[in-house]
Amino acid sequence: MRWRLLAMTTLLAAACGAQDTQTLTPREDTEVVLHNPDMGWVLYENYPLDPRANGTATMSVLPEARFEGCDDVAIMFAWSDVETAEGRFDWTRVDAACDFWLARGKRLHLRISSEPLFGWSRLDPPGGLGIPDWLLARIPDDQKRRREDGASFGWHVDARNPLYQARLRQFLAAANAHFQGARTPALVDLRGFGRWGEWHTGYPYATLDDKRAALDAVLGIWSAAFPERWLALSYSYDPDGPASLWAGPTDKLDPAFTGEYDAYLRYSAFDLALARPNITLRRDGAGGAVHSNERRLCEHVYRDLRRAPQMSEFLGGYTAARAGGPAWVKWTVEDALSLHPNYIGLLGYGGRDAQDFMAERPDLIALGLRRMGYRLVPLSVTLPRTIQAGRPFPLIVRWVNRGVGRALRDATLRLRLTAAQGGRTLAQTDAGPLPTSRWLQDDEATTRTEVTFPTISANGAAVLSIGLRDPASGRPVCLPLVRRSHDEFGELGGVVVAP
């Protein structure tokens, strides 16, 4: 990379004269907390499946709380909570939850499950049952199975059943059509199966090939239903599978315990999932349950497939983690960050436990926001000392991504000239896209852009500032620089505007 920068600098010097070339070093702010598109802490909202006044719904138990510093809210519900009769979709509670948090400035995620969520089946009336009762009644007895977990229960069906597939396809199509406009989700969980509301199956298929065929069919239905959305699939191990698939430590990747990696992929059809272009990953269990095979898959998906956004969720709540002491709480956050997330669910998930985490550990909230997702830093900028209106000049920028995740899109480069005295804006221009979506954790990249200010309102000493903009939302992509304007342009240094 260094030789490339030197070669570009030589070309720049040849273009504008070596004596007229300068390299500026912006001042990086390593402590500033940024809130950028497609990343951030996520609060959980269970209202659609648990509307009890003193239940697990954050909006019920903390109606005045705003969770400042948390940008996203994930709305959880199951198929059974919405399609109350065949073809009759009642989105009332889901919409109420969405609108409650949209009014508080949050972005939305959807945690949809077509299988039982177990923990809420014990409620009266039960919630999160997964497959609706009216459909379950039409599935033959030899193609469904009831499983129990303490006081909770759930029904699993053979996903190869044609009626099941047809109705699932129609439900997901209805969901995609419903969540548009302001309610368009940033991320959709693919919670198709699971003893924990995750990607496993409770149905006893006769062979692994039968299971893979069933899971592949479900993957295809989900992927086709949300063609323009990222689907986050949990890559935790299947508790019904061989224990050797989740052997080894839970605090690091140990290659000695990845000998059955291919079997781990095949058992849960992760290899088939990642053949779908809009499926990415989430890991439920950071901070004590992530094994070596799972960490290896995470690295492959991030570094080789470059899939994002990934999502991290903690193994337990904040109260339980706090009992282990401050160092343990910090480690759980560090572990979540090691999985390359753009998003992390709050420690405590939702309600008062999540609120306590934010109130008592603002240091970890800030740590997470400084490291999750992407954090793009211009390390040096090479350009002419003198520029003129209407005359193109080359701009060479050396960048690094200090975040653990990745930007989802190529950001638009923006440049501004202000008067050295008084700060009046003299000119501003968009200079085209940069390949920011390709930059992974600690990647350094050098960009060369031809820049033109068509008009500049005054000559003399000026200050050049740099900014990025997300083309999808129109929001600025904030840069961690010491000197930034209110609209997120970061100051680079001085230039001279010639007549």
# chains A, B, ... in the order shown; residues from 1 in each chain; ligands from 1
$ residues_around --residues "Glu198 (chain A)" --least-positions-apart "3" --cutoff "9 Å" --atoms "only C-alpha atoms" --output "VMD selection string"
chain A and resid 113 115 117 190 to 195 201 233 to 236 284
$ write_last_selection --atoms "C-alpha atoms" --output "mmCIF file, in the first residue's frame"
data_model
loop_
_atom_site.group_PDB
_atom_site.id
_atom_site.type_symbol
_atom_site.label_atom_id
_atom_site.label_comp_id
_atom_site.auth_asym_id
_atom_site.auth_seq_id
_atom_site.Cartn_x
_atom_site.Cartn_y
_atom_site.Cartn_z
ATOM 1 C CA SER A 113 -40.245 -15.837 13.939
ATOM 2 C CA GLU A 115 -41.401 -21.007 14.835
ATOM 3 C CA LEU A 117 -40.391 -18.443 20.824
ATOM 4 C CA LEU A 190 -34.569 -14.772 9.849
ATOM 5 C CA ARG A 191 -35.898 -16.603 12.905
ATOM 6 C CA GLY A 192 -37.341 -19.537 11.047
ATOM 7 C CA PHE A 193 -36.654 -22.309 13.529
ATOM 8 C CA GLY A 194 -35.369 -22.689 17.015
ATOM 9 C CA ARG A 195 -35.587 -23.979 20.518
ATOM 10 C CA THR A 201 -35.319 -27.179 14.110
ATOM 11 C CA LEU A 233 -29.568 -15.634 10.520
ATOM 12 C CA SER A 234 -28.396 -16.863 13.921
ATOM 13 C CA TYR A 235 -25.307 -19.048 13.572
ATOM 14 C CA SER A 236 -25.360 -20.504 17.070
ATOM 15 C CA ASP A 284 -27.152 -14.842 20.061
#
$ residues_around --residues "Arg414 (chain A)" --least-positions-apart "6" --cutoff "6 Å" --atoms "only C-alpha atoms" --output "PDB file with C-alpha atoms, in the first residue's frame"
ATOM      1  CA  THR A 429     -18.857  20.150  -4.103  1.00  0.00           C
ATOM      2  CA  ASP A 430     -19.653  16.448  -4.232  1.00  0.00           C
ATOM      3  CA  ALA A 431     -16.690  14.542  -5.657  1.00  0.00           C
ATOM      4  CA  ILE A 466     -13.895  16.903   4.033  1.00  0.00           C
ATOM      5  CA  GLY A 467     -17.119  15.003   4.582  1.00  0.00           C
ATOM      6  CA  LEU A 468     -18.931  11.831   3.545  1.00  0.00           C
TER       7      LEU A 468
END
$ residues_around --residues "Glu260 (chain A)" --least-positions-apart "2" --cutoff "8 Å" --atoms "only C-alpha atoms" --output "ChimeraX atom specification"
/A:244-245,257-258,262-264,293
$ residues_around --residues "Gly405 (chain A)" --least-positions-apart "6" --cutoff "7 Å" --atoms "only C-alpha atoms" --output "NGL selection string"
:A and (340-342 or 372-374 or 440-441)
$ residues_around --residues "Leu108 (chain A)" --least-positions-apart "2" --cutoff "7 Å" --atoms "only C-alpha atoms" --output "count of residues only"
8
$ residues_around --residues "Ser292 (chain A)" --least-positions-apart "4" --cutoff "8 Å" --atoms "only C-alpha atoms" --output "list in words"
Trp246, Ala247, Gly248, Pro249, Thr250, Lys252, Leu253, Asp254, Pro255, Phe257, Thr258 and Arg296 of chain A
$ select_by_dssp --residues "region 218-396 of chain A" --states "strand (DSSP E)" --output "compact mmCIF listing (two decimals) with C-alpha atoms, in the first residue's frame"
# COMPACT_ATOMS: atom_id res chain seq x y z
CA LEU A 231 -31.85 -11.16 6.65
CA ALA A 232 -29.87 -11.91 9.82
CA LEU A 233 -29.57 -15.63 10.52
CA SER A 234 -28.40 -16.86 13.92
CA ILE A 279 -28.57 -13.53 4.13
CA THR A 280 -26.06 -12.33 6.72
CA LEU A 281 -25.40 -13.38 10.32
CA ARG A 282 -26.29 -12.64 13.92
CA ARG A 283 -24.93 -14.40 17.03
CA ASP A 284 -27.15 -14.84 20.06
CA GLY A 285 -24.83 -15.77 22.92
CA ALA A 286 -21.94 -13.29 22.99
CA GLN A 310 -23.72 -8.60 11.37
CA MET A 311 -25.50 -8.46 14.73
CA SER A 312 -24.42 -9.50 18.23
CA GLU A 313 -26.75 -10.39 21.10
CA PHE A 314 -25.65 -11.27 24.64
CA PRO A 341 -21.13 -6.44 14.39
CA ASN A 342 -22.59 -3.32 12.94
CA TYR A 343 -25.30 -3.71 15.60
CA ILE A 344 -25.28 -4.99 19.20
CA GLY A 345 -28.41 -5.63 21.24
CA LEU A 376 -13.60 5.90 8.75
CA VAL A 377 -10.57 8.07 9.44
CA PRO A 378 -8.67 10.16 6.85
CA LEU A 379 -5.07 9.69 7.95
CA SER A 380 -3.45 12.00 5.40
CA VAL A 381 -4.53 14.12 2.47
CA THR A 382 -2.25 15.15 -0.40
CA LEU A 383 -3.31 17.98 -2.73
CA PRO A 384 -2.01 21.18 -4.34
CA THR A 386 -3.17 26.36 -4.65
CA ILE A 387 -6.49 25.67 -6.34
CA GLN A 388 -8.62 27.58 -8.83
CA PHE A 393 -7.11 19.06 -9.06
CA PRO A 394 -6.14 15.61 -7.73
CA LEU A 395 -6.91 14.72 -4.13
CA ILE A 396 -5.20 11.70 -2.57
